[in-house]
Amino acid sequence: MFKIRNRIASLFIASFCFIHSQAHNELTLWYKSPAKEWEEALPVGNGRLGAMILGDTQKERIQFNENTLYSGEPETPKKIDVTANLDHIKRLLKEGKNGEAGAIMQKEWIGRLNEAYQPFGDLYIDFDSKDPVTDYKHSLDMEHAIVTTSYKQNGVSIRREVFASYPAQAIIVHLKASKPVLNFKASLASLHPSKIDAEENQLFLKGQAPAHAQRRDIEHMQRFGTQRLHPEYFDSEGNVIQNKHVIYGDEMDGKGTFFEASLTSAHKEGKLEIIDGQLVATNCQEVTLMLYAATSYNGPHKSPSKEGKDPHQQILNDQKKIEKQSAQVIKQNHIADYQSLFNRVQFTLPADKNQQSLPTDERLKLFKEKEDQGLITQLFQFGRYLMIAGSRPGGQPLNLQGLWNDKVLPPWNSGYTLNINLEMNYWPAEVTNLSECHQPLFTLIEEIADRGKGLAHDMYGLDGWAIHHNISIWRETYPSDGFVYWFYWNMSGPWLCNHIWEHYLFTKDVDFLKKYYPILKGASVFCAEWLIENRDGKFVTPVSTSPENAFLLPDGTPASVCEGSTMDQAIIRSLFSNTIQASEILQTDHTFRKELTDKRDKLQGYQIGSKGELLEWDKEYEESEPQHRHVSHLFGLYPGSDITNDTPDVFKAARQSLHTRGNKTTGWSMAWKIALWSRLYDSDNANEALTNLINFVDPNVKAENRGGLYRNLLNALPFQIDGNFGATAGIAEMLLQSHQGNIHLLPALPTTWKEGKINGLKARGGFTIAMEWKKGKIHTAHISSTYEQTVDIVYKNESKELHFKAGEKKTILF
C-alpha cells in the first residue's frame, strides 16, 4: 500500500498544474491580507468535507469539518405526553387565558436541546521563514472552487491552492515555490481528546467526539425544571451529579462518535519525512497534501460507539478512489464535477471598473456609498457556491453554519432549526438550477418522518408523523428547551414537505413524487387529526405559536400561545393542497383526498386587523415587538404561494405587515424580506432589504444584532449561513417567478439595475430561462421546456401564451 500511495502521490505532484485565476473577475473574492479570525476565512467543501482557509504566511491554519461529526448518540424518547392536559389547555385558550395555558406548556411540554455539530480538526502548516512578504493575495475562485494564497518572500514566489474534491472525497493542498525553499512542519490537531499515529508514511489523527455537549448551564436547567430530562447532570432526585458543558465517553459509558483523519503527502525536490508526529518538508519546491476524514456515524438509529462504521476503513476506501488516477485527472475531475453544477447559471450586472479593481473587503465597506452591482452578483453566486460546497447527494443537509464550524459549543448548536433556517438554506436549490443539491434534505425528511411516527403516537396519541423545530444528526423529535414561544412548534414536518412538492413542480419527476408521497400523506394525516373546529366552525390547530414571537393580552401580560396561528393555518393549507394534487397525479387515495379537500376548505382563513395588517395570531392582539425578526404569518406569500394579487385584500394586508416589520433586522430576516417584497412586486423595498444585508461586519467589533456580512461575504452576527442562501433565493425571485402557474419575467427588477443578463434560472414546470434587459426593460428572453406544455409568459402587464414541444427553445422579443 505504501508503494502504491507514493506512486500515486508522485504522479500527482509531477502533473499538478495551476489554474490562472483572474483575480479581478466577478467570480473571485480576493484580499490583500490573511483572515484575522475564523469567521473571515475562505470556505471550501465537497458536500461532506469542508475547510476554512485563513491564508497566513507564517503559520497557515486550515480548519476542517466532516458533516457527520456531532456530539451525542441516538435520541432516547423523553416521555413528554401532551394528552394529559391538552383538553385543559384548549379550555383555557377558549376562555382567553392564554398566559395560563402557556405556563402549563412551559412546565409540562418542555424538552431538551439537540446535540451539537462538532469541529473535526485543524491542519497547521508552520513555515520556518518568518520574513516579511510582498505581493500578498488571498482569494476564492468560485469558477473553479479553489482557494489560493500567493506572495513573495525574499524574492521567491510562493503559492498554495486548496480545494475539496467531491469525486476524490479529499481536501487537496498544493504548495509551490519558484525555488526549492519550502521548509515547514505540517501537523494535525483537534479540540477533542485525540492522538496522532504515523503509519505508512502518513499521519493519522484519531479521536472521539463528546458523548454529550450542552450549551445550557445547571442553573438554566433548574430554572426551567428540566432536571428529569438531563440524566447526565441530575440523579432521579434532582441532585446535581456533575457540572460540565462537554462530557466525553470516558465519563459516559464510552459514548461518542469516533473520528479519524489522514494526511498523505508528496513532494518535488528536497526532503519530506515524518518526525515526532509532524510532516517535515525541507528545501522542497512543490508539496502536495491530501487530507481525508471519516467518522463512525452509522445512521440516526445506531450507536456510533458500539455499532459504528470503521472510519479507518472508510479512509482507505476513499484513498483507493484515486489510486489509478493521475494528478491532472484528479484536478480535472474536481473542476469538471463542480462546474457541471456551478456553470448552469451566469449572472451579470455592470460594475464600475474602479470597484472591480478593489479587494472584496474594500468593496464591501464602500457599498453604502455607491451601490456595487458586481458585488451583488458575487453574493448571488457565492450562495450557489456554498450550496455545491455544502450539500451533495449522499451527505448531510446544510445546518445553521452549512458545513463549517470551529466550536465545540457553536451558536445554537449549529444544528437544524426547522422553523425557518433549514428551509431557507434550500430555497435557492431549484430556482438556481442546483436540484441535485436538494437531495440531502429529502433524505433528512425521510429519516425524521420515520422517527416522527413514534413522536406523533407517544406525545399526541395521533397517527401520521410530526416533529418539532430543533434537531441534529440524531433527528431528535421532541420539543427543545427554553421558552414556550419558541420551543413549542409542531409544524416543522408540514413545512419541510413543501420542499418535496416544490422539487416535483420544478422537475415533474413522477417517480420522485411516488417515492415521497407517503411522507406527504403521513404529515397530512397528523394535521387532519390534530385540527379542531373553533367557535365559528372553522378548522384550526388547537394549540399553536407563531415561531419565536409573542403578543400582549388586553391587560398587558405577554403571551404566545393561541388557537390556529396564521402560520399554522397557512402551512397546513399548503400541505393539504399539495397532497391532494399529488394523490390526483398518482391516482391514489380518493377517499383520503376527499377528507383533506373538505378540511382544507373549512380551514380558518387569513384575517385582517384594524390597521390593515395581516393578523399573526387567531385574533388581533397588541404586538409585543412590532419589528420582530420573524415574519411567520407571511408564509403564504413566500415560500408559500396562496397570497397573491388574485387575493387583493390579503395581498395588501401582507404588504402592510411587512412594511410595519421594517427592512433592517437580522441577516436571515432581511434575506427573507427580499423574497417577500419581490412577491409583492415591490422592487424598491426588495432592493432596500438586499442592500441593508450588504453591510460590512468586523467579527472583533461588538455590534447590535442587525445583520450584515463578514469580509468573506458570509452572513454575520454570528455566522449563520441561511442569510447567504436566502439572499441568493431572494435575488432570483426579483428576476423570475413561477408560483402562479405562469412564468413572470423581471417581476421586481430594481430601478437601479438598468442593464443585466442572467442565464440558467429554472421555472416550475421544467423550464430554463435566460434574459437580458437594457435601460431597465427586458430586451430578449430565451425559454426552453423539458416537456411538451403550454404556459403564459408574463412581463409587466403583458401576457403571451406559448406552446412548447419537449426540448424546444423559444426566443421572445419585447
# chains A, B, ... in the order shown; residues from 1 in each chain; ligands from 1
$ select_by_dssp --residues "range 338-426 of chain A" --states "alpha helix (DSSP H)" --output "VMD selection string"
chain A and resid 338 to 342 353 to 356 360 to 366 373 to 390 421 to 425
$ residues_around --residues "range 795-801 of chain A" --least-positions-apart "5" --cutoff "7 Å" --atoms "only C-alpha atoms" --output "PDB file with C-alpha atoms, in the first residue's frame"
ATOM      1  CA  HIS A 744     -43.205  36.036 -14.762  1.00  0.00           C
ATOM      2  CA  LEU A 745     -40.084  37.783 -16.054  1.00  0.00           C
ATOM      3  CA  LEU A 746     -38.360  40.519 -14.031  1.00  0.00           C
ATOM      4  CA  THR A 790     -48.394  25.433 -22.739  1.00  0.00           C
TER       5      THR A 790
END
$ select_by_dssp --residues "range 239-344 of chain A" --states "strand (DSSP E)" --output "PyMOL selection string"
chain A and resi 246-247+258-268+271-275+278-284+286-295
$ residues_around --residues "range 155-163 of chain A" --least-positions-apart "5" --cutoff "6 Å" --atoms "only C-alpha atoms" --output "ChimeraX atom specification"
/A:146-150,171-178
$ write_last_selection --atoms "N, CA, C and O atoms" --output "compact mmCIF listing (two decimals), in the first residue's frame"
# COMPACT_ATOMS: atom_id res chain seq x y z
N ILE A 146 -11.57 26.93 -5.89
CA ILE A 146 -10.20 26.82 -5.39
C ILE A 146 -9.86 28.07 -4.60
O ILE A 146 -10.12 29.19 -5.05
N VAL A 147 -9.28 27.88 -3.42
CA VAL A 147 -8.75 28.99 -2.63
C VAL A 147 -7.25 29.06 -2.84
O VAL A 147 -6.54 28.06 -2.71
N THR A 148 -6.76 30.26 -3.18
CA THR A 148 -5.34 30.45 -3.47
C THR A 148 -4.76 31.52 -2.56
O THR A 148 -5.40 32.55 -2.32
N THR A 149 -3.56 31.25 -2.06
CA THR A 149 -2.79 32.23 -1.30
C THR A 149 -1.44 32.37 -1.99
O THR A 149 -0.72 31.38 -2.14
N SER A 150 -1.11 33.58 -2.41
CA SER A 150 0.17 33.77 -3.12
C SER A 150 0.87 35.00 -2.57
O SER A 150 0.23 35.97 -2.14
N ILE A 171 -9.62 16.71 0.67
CA ILE A 171 -9.20 18.10 0.60
C ILE A 171 -7.75 18.11 0.15
O ILE A 171 -6.89 17.46 0.76
N ILE A 172 -7.47 18.83 -0.92
CA ILE A 172 -6.15 18.86 -1.51
C ILE A 172 -5.51 20.20 -1.24
O ILE A 172 -6.11 21.26 -1.46
N VAL A 173 -4.25 20.17 -0.75
CA VAL A 173 -3.46 21.38 -0.52
C VAL A 173 -2.20 21.26 -1.34
O VAL A 173 -1.44 20.29 -1.18
N HIS A 174 -1.97 22.20 -2.23
CA HIS A 174 -0.77 22.16 -3.07
C HIS A 174 0.04 23.42 -2.86
O HIS A 174 -0.48 24.53 -3.00
N LEU A 175 1.30 23.25 -2.52
CA LEU A 175 2.20 24.37 -2.28
C LEU A 175 3.30 24.35 -3.34
O LEU A 175 3.84 23.29 -3.67
N LYS A 176 3.63 25.52 -3.85
CA LYS A 176 4.64 25.60 -4.90
C LYS A 176 5.44 26.89 -4.74
O LYS A 176 4.88 27.95 -4.48
N ALA A 177 6.75 26.77 -4.91
CA ALA A 177 7.63 27.94 -4.86
C ALA A 177 8.47 27.99 -6.13
O ALA A 177 8.70 26.98 -6.79
N SER A 178 8.93 29.18 -6.49
CA SER A 178 9.75 29.32 -7.70
C SER A 178 11.16 28.77 -7.50
O SER A 178 11.89 28.56 -8.46
$ closest_residue --among "A:Gly726, A:Glu143, A:Glu37, A:Thr644" --to "Val701 in chain A" --atoms "only C-alpha atoms"
A:Glu37
$ atom_distance --atom1 "CA of Glu73 in chain A" --atom2 "CA of Glu476 in chain A"
10.3 Å
$ closest_residue --among "A:Val246, A:Leu398, A:Ala213, A:Ala168" --to "Ala293 in chain A" --atoms "only C-alpha atoms"
A:Ala168
$ residues_around --residues "Tyr606 in chain A" --least-positions-apart "6" --cutoff "12 Å" --atoms "only C-alpha atoms" --output "number ranges by chain"
A: 538, 540, 564-570, 573, 613-620, 633-637, 642-643, 647, 649-654
$ write_last_selection --atoms "N, CA, C and O atoms" --output "short mmCIF file (atom, residue, chain, number, x, y, z; two decimals), in the first residue's frame"
data_model
loop_
_atom_site.label_atom_id
_atom_site.label_comp_id
_atom_site.auth_asym_id
_atom_site.auth_seq_id
_atom_site.Cartn_x
_atom_site.Cartn_y
_atom_site.Cartn_z
N LYS A 538 -64.74 26.71 11.95
CA LYS A 538 -63.57 26.61 11.09
C LYS A 538 -62.52 25.71 11.74
O LYS A 538 -62.40 25.67 12.97
N VAL A 540 -58.95 24.72 12.96
CA VAL A 540 -57.73 25.39 13.42
C VAL A 540 -56.89 24.38 14.21
O VAL A 540 -57.40 23.37 14.67
N GLY A 564 -54.74 28.15 16.41
CA GLY A 564 -54.60 28.41 14.99
C GLY A 564 -53.87 29.67 14.60
O GLY A 564 -54.45 30.57 13.99
N SER A 565 -52.57 29.77 14.92
CA SER A 565 -51.80 30.90 14.42
C SER A 565 -51.85 30.92 12.90
O SER A 565 -52.06 29.89 12.24
N THR A 566 -51.65 32.08 12.33
CA THR A 566 -51.73 32.22 10.87
C THR A 566 -50.74 31.31 10.17
O THR A 566 -51.04 30.74 9.12
N MET A 567 -49.54 31.18 10.74
CA MET A 567 -48.55 30.31 10.09
C MET A 567 -49.00 28.86 10.09
O MET A 567 -48.86 28.16 9.09
N ASP A 568 -49.52 28.38 11.22
CA ASP A 568 -50.05 27.01 11.26
C ASP A 568 -51.06 26.79 10.14
O ASP A 568 -50.99 25.81 9.40
N GLN A 569 -51.99 27.71 10.05
CA GLN A 569 -53.08 27.56 9.08
C GLN A 569 -52.54 27.58 7.65
O GLN A 569 -52.97 26.78 6.79
N ALA A 570 -51.60 28.48 7.38
CA ALA A 570 -51.05 28.60 6.03
C ALA A 570 -50.27 27.36 5.63
O ALA A 570 -50.38 26.87 4.50
N ARG A 573 -52.70 24.48 5.06
CA ARG A 573 -53.42 24.68 3.79
C ARG A 573 -52.53 24.29 2.61
O ARG A 573 -52.96 23.62 1.67
N GLU A 613 -53.38 45.32 8.62
CA GLU A 613 -52.30 44.35 8.57
C GLU A 613 -52.84 42.92 8.61
O GLU A 613 -53.96 42.68 9.07
N LEU A 614 -52.03 41.98 8.13
CA LEU A 614 -52.39 40.56 8.23
C LEU A 614 -52.14 40.11 9.67
O LEU A 614 -51.04 40.30 10.21
N LEU A 615 -53.16 39.55 10.29
CA LEU A 615 -53.01 39.12 11.69
C LEU A 615 -52.10 37.90 11.78
O LEU A 615 -52.14 37.01 10.93
N GLU A 616 -51.32 37.87 12.84
CA GLU A 616 -50.36 36.78 13.03
C GLU A 616 -50.94 35.66 13.89
O GLU A 616 -50.53 34.50 13.76
N TRP A 617 -51.88 36.01 14.78
CA TRP A 617 -52.46 35.02 15.67
C TRP A 617 -53.95 34.85 15.37
O TRP A 617 -54.45 35.34 14.35
N ASP A 618 -54.67 34.19 16.23
CA ASP A 618 -56.07 33.87 15.95
C ASP A 618 -56.99 35.09 16.03
O ASP A 618 -58.11 35.06 15.54
N LYS A 619 -56.51 36.13 16.66
CA LYS A 619 -57.29 37.37 16.76
C LYS A 619 -56.32 38.54 16.88
O LYS A 619 -55.10 38.33 16.94
N GLU A 620 -56.84 39.73 16.94
CA GLU A 620 -55.96 40.90 16.97
C GLU A 620 -55.47 41.16 18.39
O GLU A 620 -56.26 41.33 19.32
N HIS A 633 -46.24 34.83 9.74
CA HIS A 633 -47.60 34.90 9.20
C HIS A 633 -47.62 35.19 7.71
O HIS A 633 -48.68 35.11 7.07
N LEU A 634 -46.44 35.51 7.13
CA LEU A 634 -46.36 35.77 5.70
C LEU A 634 -45.88 34.55 4.93
O LEU A 634 -45.50 34.66 3.75
N PHE A 635 -45.90 33.38 5.56
CA PHE A 635 -45.52 32.14 4.87
C PHE A 635 -46.29 31.98 3.56
O PHE A 635 -45.73 31.55 2.54
N GLY A 636 -47.56 32.32 3.57
CA GLY A 636 -48.39 32.14 2.38
C GLY A 636 -47.98 33.01 1.22
O GLY A 636 -48.35 32.75 0.07
N LEU A 637 -47.22 34.08 1.50
CA LEU A 637 -46.69 34.94 0.44
C LEU A 637 -45.40 34.36 -0.13
O LEU A 637 -45.21 34.28 -1.34
N ASP A 642 -50.15 31.05 -1.70
CA ASP A 642 -51.59 31.30 -1.74
C ASP A 642 -51.95 32.75 -1.41
O ASP A 642 -53.11 33.11 -1.41
N ILE A 643 -50.96 33.59 -1.12
CA ILE A 643 -51.20 35.03 -1.04
C ILE A 643 -50.63 35.66 -2.30
O ILE A 643 -49.40 35.73 -2.48
N THR A 647 -55.73 37.62 -4.66
CA THR A 647 -56.46 37.85 -3.40
C THR A 647 -56.07 39.25 -2.90
O THR A 647 -55.29 39.38 -1.97
N ASP A 649 -57.16 41.83 -1.15
CA ASP A 649 -57.25 42.32 0.22
C ASP A 649 -56.14 41.72 1.10
O ASP A 649 -55.50 42.44 1.88
N VAL A 650 -55.97 40.42 0.98
CA VAL A 650 -54.92 39.76 1.76
C VAL A 650 -53.54 40.19 1.28
O VAL A 650 -52.60 40.39 2.07
N PHE A 651 -53.39 40.34 -0.02
CA PHE A 651 -52.14 40.81 -0.63
C PHE A 651 -51.76 42.18 -0.05
O PHE A 651 -50.61 42.40 0.36
N LYS A 652 -52.72 43.06 0.03
CA LYS A 652 -52.50 44.39 0.59
C LYS A 652 -52.16 44.32 2.08
O LYS A 652 -51.30 45.05 2.58
N ALA A 653 -52.84 43.42 2.80
CA ALA A 653 -52.59 43.27 4.24
C ALA A 653 -51.19 42.73 4.50
O ALA A 653 -50.52 43.13 5.46
N ALA A 654 -50.74 41.81 3.64
CA ALA A 654 -49.38 41.29 3.76
C ALA A 654 -48.37 42.41 3.57
O ALA A 654 -47.37 42.51 4.30
#
$ residues_around --residues "Met290 in chain A" --least-positions-apart "6" --cutoff "12 Å" --atoms "only C-alpha atoms" --output "MDAnalysis selection string"
chainID A and resid 5:6 8:9 12:13 123 161:165 168:175 186 202:204 261:267 315 318:319 322 327 330
$ residues_around --residues "Phe725 in chain A" --least-positions-apart "5" --cutoff "7 Å" --atoms "only C-alpha atoms" --output "ChimeraX atom specification"
/A:383,424-425,427-428
$ residues_around --residues "Phe120 in chain A" --least-positions-apart "2" --cutoff "7 Å" --atoms "only C-alpha atoms" --output "list in words"
Phe64, Asn65, Glu66, Gln118 and Ser190 of chain A
$ atom_distance --atom1 "CA of Gly766 in chain A" --atom2 "CA of Glu788 in chain A"
9.9 Å
$ closest_residue --among "A:Thr752, A:Ser784, A:Gln355, A:Ser583" --to "Ser683 in chain A" --atoms "only C-alpha atoms"
A:Thr752
$ closest_residue --among "A:Trp465, A:Phe127, A:Tyr478, A:Tyr516" --to "Gly493 in chain A" --atoms "only C-alpha atoms"
A:Trp465
$ closest_residue --among "A:Asp128, A:Asp217, A:Glu286, A:Glu260" --to "His312 in chain A" --atoms "only C-alpha atoms"
A:Glu260
$ decode --residues "range 157-241 of chain A" --atoms "C-alpha atoms" --output "tab-separated table (two decimals), in the first residue's frame"
chain	number	residue	atom	x	y	z
A	157	SER	CA	7.22	33.45	-5.43
A	158	ILE	CA	5.17	31.14	-3.23
A	159	ARG	CA	1.70	29.91	-3.97
A	160	ARG	CA	-0.67	27.42	-2.40
A	161	GLU	CA	-4.02	26.18	-3.56
A	162	VAL	CA	-6.71	24.38	-1.59
A	163	PHE	CA	-9.76	22.62	-2.97
A	164	ALA	CA	-12.21	19.98	-1.77
A	165	SER	CA	-12.86	17.30	-4.36
A	166	TYR	CA	-16.23	15.54	-4.45
A	167	PRO	CA	-15.03	12.74	-6.80
A	168	ALA	CA	-11.88	12.13	-4.73
A	169	GLN	CA	-13.55	12.74	-1.35
A	170	ALA	CA	-10.47	14.61	-0.14
A	171	ILE	CA	-9.20	18.10	0.60
A	172	ILE	CA	-6.15	18.86	-1.51
A	173	VAL	CA	-3.46	21.38	-0.52
A	174	HIS	CA	-0.77	22.16	-3.07
A	175	LEU	CA	2.20	24.37	-2.28
A	176	LYS	CA	4.64	25.60	-4.90
A	177	ALA	CA	7.63	27.94	-4.86
A	178	SER	CA	9.75	29.32	-7.70
A	179	LYS	CA	12.80	27.89	-5.89
A	180	PRO	CA	13.19	24.91	-3.53
A	181	VAL	CA	12.69	26.96	-0.37
A	182	LEU	CA	9.60	25.31	1.15
A	183	ASN	CA	10.56	24.46	4.71
A	184	PHE	CA	7.69	23.77	7.05
A	185	LYS	CA	6.11	21.42	9.56
A	186	ALA	CA	2.56	20.20	8.86
A	187	SER	CA	0.57	18.85	11.78
A	188	LEU	CA	-2.94	17.74	12.64
A	189	ALA	CA	-4.76	18.74	15.82
A	190	SER	CA	-8.24	18.53	17.32
A	191	LEU	CA	-10.16	20.26	20.11
A	192	HIS	CA	-11.29	16.79	21.21
A	193	PRO	CA	-9.22	14.14	23.01
A	194	SER	CA	-7.16	12.59	20.23
A	195	LYS	CA	-3.84	11.06	19.29
A	196	ILE	CA	-1.52	11.19	16.30
A	197	ASP	CA	-0.23	8.00	14.68
A	198	ALA	CA	2.27	7.71	11.84
A	199	GLU	CA	1.60	4.76	9.56
A	200	GLU	CA	2.93	4.01	6.08
A	201	ASN	CA	4.43	7.48	5.69
A	202	GLN	CA	1.19	9.29	6.55
A	203	LEU	CA	-0.25	10.93	9.63
A	204	PHE	CA	-3.46	9.78	11.28
A	205	LEU	CA	-5.47	11.86	13.72
A	206	LYS	CA	-7.75	9.62	15.82
A	207	GLY	CA	-10.26	10.77	18.41
A	208	GLN	CA	-13.79	10.70	19.77
A	209	ALA	CA	-16.44	13.41	19.80
A	210	PRO	CA	-18.24	14.30	23.05
A	211	ALA	CA	-20.79	11.89	24.47
A	212	HIS	CA	-22.86	14.99	25.21
A	213	ALA	CA	-22.47	18.72	24.59
A	214	GLN	CA	-24.74	21.11	26.47
A	215	ARG	CA	-24.89	24.89	25.95
A	216	ARG	CA	-27.13	25.35	28.98
A	217	ASP	CA	-25.76	25.62	32.48
A	218	ILE	CA	-27.11	23.86	35.56
A	219	GLU	CA	-28.96	26.97	36.72
A	220	HIS	CA	-30.78	27.20	33.40
A	221	MET	CA	-32.00	23.60	33.63
A	222	GLN	CA	-33.14	24.12	37.20
A	223	ARG	CA	-34.91	27.36	36.31
A	224	PHE	CA	-36.89	25.61	33.58
A	225	GLY	CA	-37.44	22.47	35.64
A	226	THR	CA	-35.88	20.11	33.12
A	227	GLN	CA	-33.78	18.07	35.54
A	228	ARG	CA	-35.76	14.94	34.67
A	229	LEU	CA	-34.65	15.29	31.05
A	230	HIS	CA	-30.93	15.56	31.84
A	231	PRO	CA	-29.65	12.34	33.46
A	232	GLU	CA	-26.14	13.48	32.53
A	233	TYR	CA	-26.39	16.21	35.19
A	234	PHE	CA	-29.05	15.16	37.72
A	235	ASP	CA	-29.95	11.99	39.56
A	236	SER	CA	-33.54	10.76	39.96
A	237	GLU	CA	-33.98	13.06	42.96
A	238	GLY	CA	-32.88	16.14	41.03
A	239	ASN	CA	-29.49	16.40	42.71
A	240	VAL	CA	-26.56	17.67	40.63
A	241	ILE	CA	-24.12	14.87	39.79
